[in-house]
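The structure appears right after this line, and notes come after that.
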Amino acid sequence: MLMRLLLLFVTVQMFRIYECKPFPAGLAAETADVGQTVKLSCELTNQLEVGSNIFWYKHSADEPPVAIKSTDCEQNGCRTTFKKGSGHRTSVLEITNVQVNDSGLYYCAEMDSYPPLMKGPTLLVGDSSTNRTYMQVFVPPSVSNGSVPLVCLVGGLSSKHILIYWNISGQITEGWNDPGTIDPDQSYSVRSQVMVPEETWRSGGLCTCIAQLGGAGKTRTMSVSHLTIQTDQGWCLPTAIRLGFLGLLVIVIFIWISKHRRSGRRQSATRQGNGSAAQSPAPILYA
């Protein structure tokens, strides 16, 4: 019984630590490798008409928004093109031969609409993680003004172009991100801060920092709560690996229980045999 409880505890802890958190729709960044072609979609407030004046802007953390020019693709050096999407209000920005400096948050705008700017996707080009990449969530020693400020630090990066957001007891928020800094070892670090309500914190709500560092699989998460210590969740394990581990663990538990039952039966049979031998009368000897 004790063995089964121990294995169950280990299983719960493993899957709590390494469970991948899915990206909410519309929040995860678009990713691409250097040199690829990407298509970014943005929804406008009004239906697009023939001759509509559409504009796109790119915003990096430490730079002001920059207007993107749509060039004639018949000319040399064409990289960006504006197109109409499948929806009546969808504008598409196509970028060929993307580079790392194309990373950033994109907006679309229509000259005659209000509000003038509509938020589009975040684009991450390349992979900002290195073998020195780390993540840490800092928790204050006490609550102030009815809320708990949590700070997530992601360092050891090759680029400051990453996406950080929070999952606070199932509620998704982007928090506040700094533009990123260069550390003494010439790597980059980025911080994100979120304010957690005191009630959520004291009730044991799980607060998870999620950082998207590049393409598929390049995601790190770390969770903290008022009831547990900080737990570095590392790289997300694919679902197949987690299911395989669970299946292997179930087989081990089944084998252990089967062996334990067979051993118990043999011991019971041995005890019964010894008891029968002790109770059988001694043979009669004739002179």
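We label chains A, B, ... in the order they appear in the structure tokens, count residues from 1 in each chain, and number ligands from 1 in the order shown.
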Counting only C-alpha atoms, which residues in range 170-226 of chain A sit no more than 12 Å from range 100-113 of chain A? For each one, give the nearest pair of atoms and the distance in Å, sorted by chain then residue number, as a tab-separated table.
```
residue	atom	partner	partner_atom	distance
A:Pro179	CA	A:Gly104	CA	11.2
A:Leu213	CA	A:Ser103	CA	11.5
A:Gly214	CA	A:Ser103	CA	10.3
```
Would you mind exporting C-alpha atoms of the selected residues as an mmCIF file, in the first residue's frame?
```cif
data_model
loop_
_atom_site.group_PDB
_atom_site.id
_atom_site.type_symbol
_atom_site.label_atom_id
_atom_site.label_comp_id
_atom_site.auth_asym_id
_atom_site.auth_seq_id
_atom_site.Cartn_x
_atom_site.Cartn_y
_atom_site.Cartn_z
ATOM 1 C CA PRO A 179 12.576 46.068 -23.318
ATOM 2 C CA LEU A 213 11.844 31.818 -27.024
ATOM 3 C CA GLY A 214 11.514 30.805 -30.663
#
```
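Between CA of Lys218 in chain A and CA of Leu150 in chain A the separation is 22.7 Å.
Residue nearest Thr221 in chain A within the list A:Leu248, A:Thr181, A:Glu63, A:Leu153: A:Leu153 [criterion: smallest interatomic distance, only C-alpha atoms].
The gap separating CA of Gly87 in chain A from CA of Leu44 in chain A is 10.0 Å, in Å to one decimal.
Distances here use only C-alpha atoms; by that measure, the residue among A:Ala211, A:Leu163, A:Cys152, A:Val38 closest to Val224 in chain A is A:Cys152.
A straight line drawn from CA of Met195 in chain A to CA of Pro149 in chain A is 4.5 Å long.
Between Gly146 in chain A and the candidates A:Gly126, A:Gly180, A:Pro197, A:Pro116, the tightest atom-to-atom separation, counting only C-alpha atoms, involves A:Pro197.
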Could you list, as a compact mmCIF listing (two decimals) with N, CA, C and O atoms, in the first residue's frame, every residue within 12 Å of Val139 in chain A, counting only C-alpha atoms and ignoring same-chain residues fewer than 3 positions away?
```txt
# COMPACT_ATOMS: atom_id res chain seq x y z
N GLN A 136 13.70 32.41 -13.78
CA GLN A 136 13.48 32.51 -12.34
C GLN A 136 12.29 33.42 -12.08
O GLN A 136 12.14 34.45 -12.74
N SER A 142 6.29 39.67 1.41
CA SER A 142 5.01 40.04 2.02
C SER A 142 4.09 40.66 0.97
O SER A 142 4.53 41.03 -0.12
N VAL A 143 2.81 40.75 1.31
CA VAL A 143 1.80 41.33 0.43
C VAL A 143 1.70 42.82 0.69
O VAL A 143 1.74 43.27 1.85
N SER A 147 -2.16 43.20 -3.16
CA SER A 147 -1.73 42.42 -4.33
C SER A 147 -0.28 41.96 -4.14
O SER A 147 0.46 42.51 -3.33
N VAL A 148 0.09 40.96 -4.92
CA VAL A 148 1.44 40.38 -4.85
C VAL A 148 2.13 40.61 -6.19
O VAL A 148 1.67 40.09 -7.22
N PRO A 149 3.23 41.37 -6.23
CA PRO A 149 3.96 41.56 -7.49
C PRO A 149 4.91 40.39 -7.73
O PRO A 149 5.80 40.12 -6.93
N LEU A 150 4.71 39.69 -8.82
CA LEU A 150 5.60 38.60 -9.22
C LEU A 150 6.44 39.06 -10.40
O LEU A 150 5.94 39.70 -11.33
N VAL A 151 7.73 38.74 -10.36
CA VAL A 151 8.65 39.12 -11.43
C VAL A 151 9.26 37.86 -12.03
O VAL A 151 9.81 37.03 -11.30
N CYS A 152 9.16 37.73 -13.34
CA CYS A 152 9.74 36.60 -14.06
C CYS A 152 10.96 37.10 -14.83
O CYS A 152 10.86 38.05 -15.62
N LEU A 153 12.10 36.47 -14.60
CA LEU A 153 13.35 36.85 -15.26
C LEU A 153 13.79 35.71 -16.16
O LEU A 153 13.93 34.56 -15.72
N GLN A 193 6.55 41.50 -15.24
CA GLN A 193 5.94 41.64 -13.91
C GLN A 193 4.43 41.57 -14.03
O GLN A 193 3.83 42.08 -14.98
N VAL A 194 3.81 40.92 -13.04
CA VAL A 194 2.36 40.83 -12.99
C VAL A 194 1.92 41.04 -11.55
O VAL A 194 2.64 40.66 -10.61
N MET A 195 0.76 41.66 -11.36
CA MET A 195 0.20 41.87 -10.03
C MET A 195 -0.90 40.84 -9.79
O MET A 195 -1.88 40.79 -10.53
N VAL A 196 -0.71 40.01 -8.77
CA VAL A 196 -1.66 38.95 -8.44
C VAL A 196 -2.51 39.40 -7.26
O VAL A 196 -1.97 39.83 -6.24
N TRP A 201 -3.69 34.76 -4.40
CA TRP A 201 -2.40 34.28 -3.91
C TRP A 201 -2.54 33.46 -2.63
O TRP A 201 -1.99 32.36 -2.52
N CYS A 207 0.49 30.31 -10.18
CA CYS A 207 0.89 31.42 -11.04
C CYS A 207 2.06 30.96 -11.90
O CYS A 207 3.13 30.63 -11.37
N SER A 223 6.35 27.81 -12.37
CA SER A 223 5.16 28.08 -11.57
C SER A 223 5.52 28.31 -10.12
O SER A 223 6.45 27.68 -9.59
N VAL A 224 4.78 29.19 -9.47
CA VAL A 224 4.91 29.44 -8.04
C VAL A 224 3.53 29.58 -7.45
O VAL A 224 2.55 29.87 -8.15
N SER A 225 3.42 29.34 -6.16
CA SER A 225 2.18 29.58 -5.44
C SER A 225 2.52 29.85 -3.99
O SER A 225 3.65 29.65 -3.54
N HIS A 226 1.52 30.29 -3.25
CA HIS A 226 1.71 30.60 -1.83
C HIS A 226 1.96 29.33 -1.02
O HIS A 226 2.58 29.37 0.05
N THR A 228 3.46 26.37 -2.26
CA THR A 228 4.57 25.55 -2.71
C THR A 228 5.78 26.41 -2.97
O THR A 228 5.69 27.62 -3.14
N ILE A 229 6.94 25.75 -3.07
CA ILE A 229 8.16 26.45 -3.42
C ILE A 229 8.20 26.63 -4.93
O ILE A 229 7.43 26.03 -5.67
N GLN A 230 9.14 27.43 -5.40
CA GLN A 230 9.25 27.66 -6.83
C GLN A 230 9.72 26.39 -7.51
O GLN A 230 10.59 25.70 -7.01
```
Query raised in the report: In range 124-253 of chain A, what's strand (DSSP E or B) per DSSP? Answer as number ranges by chain?
Result: A: 124-125, 134-138, 144, 147-157, 163-168, 171-173, 176-177, 181-182, 188-197, 207-212, 219-224, 231-235
Given the selection you just returned, output its residues as a file containing C-alpha atoms, formatted as an mmCIF file, in the first residue's frame.
```cif
data_model
loop_
_atom_site.group_PDB
_atom_site.id
_atom_site.type_symbol
_atom_site.label_atom_id
_atom_site.label_comp_id
_atom_site.auth_asym_id
_atom_site.auth_seq_id
_atom_site.Cartn_x
_atom_site.Cartn_y
_atom_site.Cartn_z
ATOM 1 C CA LEU A 124 9.747 35.751 -33.498
ATOM 2 C CA VAL A 125 12.470 34.961 -36.022
ATOM 3 C CA TYR A 134 17.606 30.267 -17.398
ATOM 4 C CA MET A 135 14.300 31.302 -15.847
ATOM 5 C CA GLN A 136 13.484 32.505 -12.343
ATOM 6 C CA VAL A 137 10.312 33.846 -10.700
ATOM 7 C CA PHE A 138 10.805 36.188 -7.749
ATOM 8 C CA SER A 144 1.444 45.058 -0.208
ATOM 9 C CA SER A 147 -1.725 42.423 -4.328
ATOM 10 C CA VAL A 148 1.437 40.383 -4.853
ATOM 11 C CA PRO A 149 3.955 41.561 -7.489
ATOM 12 C CA LEU A 150 5.602 38.603 -9.220
ATOM 13 C CA VAL A 151 8.646 39.120 -11.435
ATOM 14 C CA CYS A 152 9.743 36.600 -14.064
ATOM 15 C CA LEU A 153 13.354 36.846 -15.258
ATOM 16 C CA VAL A 154 14.530 35.057 -18.400
ATOM 17 C CA GLY A 155 18.258 35.410 -19.019
ATOM 18 C CA GLY A 156 21.108 33.932 -21.002
ATOM 19 C CA LEU A 157 19.407 34.796 -24.313
ATOM 20 C CA LEU A 163 7.307 36.606 -25.716
ATOM 21 C CA ILE A 164 6.423 36.343 -22.009
ATOM 22 C CA TYR A 165 2.954 36.029 -20.548
ATOM 23 C CA TRP A 166 1.312 34.676 -17.378
ATOM 24 C CA ASN A 167 -1.288 32.086 -16.457
ATOM 25 C CA ILE A 168 -2.796 33.145 -13.109
ATOM 26 C CA GLN A 171 -6.559 33.551 -16.347
ATOM 27 C CA ILE A 172 -4.167 34.629 -19.113
ATOM 28 C CA THR A 173 -2.461 38.020 -18.910
ATOM 29 C CA TRP A 176 4.343 44.204 -18.089
ATOM 30 C CA ASN A 177 7.573 43.420 -19.969
ATOM 31 C CA THR A 181 18.961 44.447 -21.208
ATOM 32 C CA ILE A 182 22.463 43.290 -22.129
ATOM 33 C CA TYR A 188 20.271 39.341 -23.047
ATOM 34 C CA SER A 189 17.758 39.180 -20.211
ATOM 35 C CA VAL A 190 14.073 40.135 -20.220
ATOM 36 C CA ARG A 191 11.760 40.693 -17.236
ATOM 37 C CA SER A 192 8.014 40.516 -16.910
ATOM 38 C CA GLN A 193 5.944 41.641 -13.914
ATOM 39 C CA VAL A 194 2.355 40.831 -12.990
ATOM 40 C CA MET A 195 0.202 41.872 -10.028
ATOM 41 C CA VAL A 196 -1.664 38.954 -8.442
ATOM 42 C CA PRO A 197 -4.692 39.705 -6.213
ATOM 43 C CA CYS A 207 0.895 31.423 -11.036
ATOM 44 C CA THR A 208 2.855 30.367 -14.124
ATOM 45 C CA CYS A 209 5.281 32.427 -16.171
ATOM 46 C CA ILE A 210 5.442 31.233 -19.790
ATOM 47 C CA ALA A 211 8.222 32.351 -22.134
ATOM 48 C CA GLN A 212 8.227 31.607 -25.859
ATOM 49 C CA THR A 219 9.137 27.287 -24.545
ATOM 50 C CA ARG A 220 9.982 27.514 -20.856
ATOM 51 C CA THR A 221 7.570 27.726 -17.945
ATOM 52 C CA MET A 222 7.902 28.170 -14.210
ATOM 53 C CA SER A 223 5.155 28.082 -11.569
ATOM 54 C CA VAL A 224 4.915 29.441 -8.044
ATOM 55 C CA THR A 231 9.488 24.875 -9.402
ATOM 56 C CA ASP A 232 11.509 25.219 -12.599
ATOM 57 C CA GLN A 233 9.480 23.370 -15.186
ATOM 58 C CA GLY A 234 12.210 23.439 -17.829
ATOM 59 C CA TRP A 235 11.479 22.574 -21.420
#
```
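With only C-alpha atoms as the atoms that count, the residue of A:Ser159, A:Asp127, A:Gly204, A:Asp62 with the shortest distance to Gln186 in chain A is A:Ser159.
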Query - Contact residues around Arg89 in chain A with only C-alpha atoms at 8 Å, ignoring same-chain residues under 5 positions, as a ChimeraX atom specification - result: /A:43-48
Requested in this report: Using DSSP on the backbone coordinates, identify all residues within range 73-234 of chain A classified as helix (DSSP H, G or I); present the result as a ChimeraX atom specification.
Outcome: /A:100-102,198-202
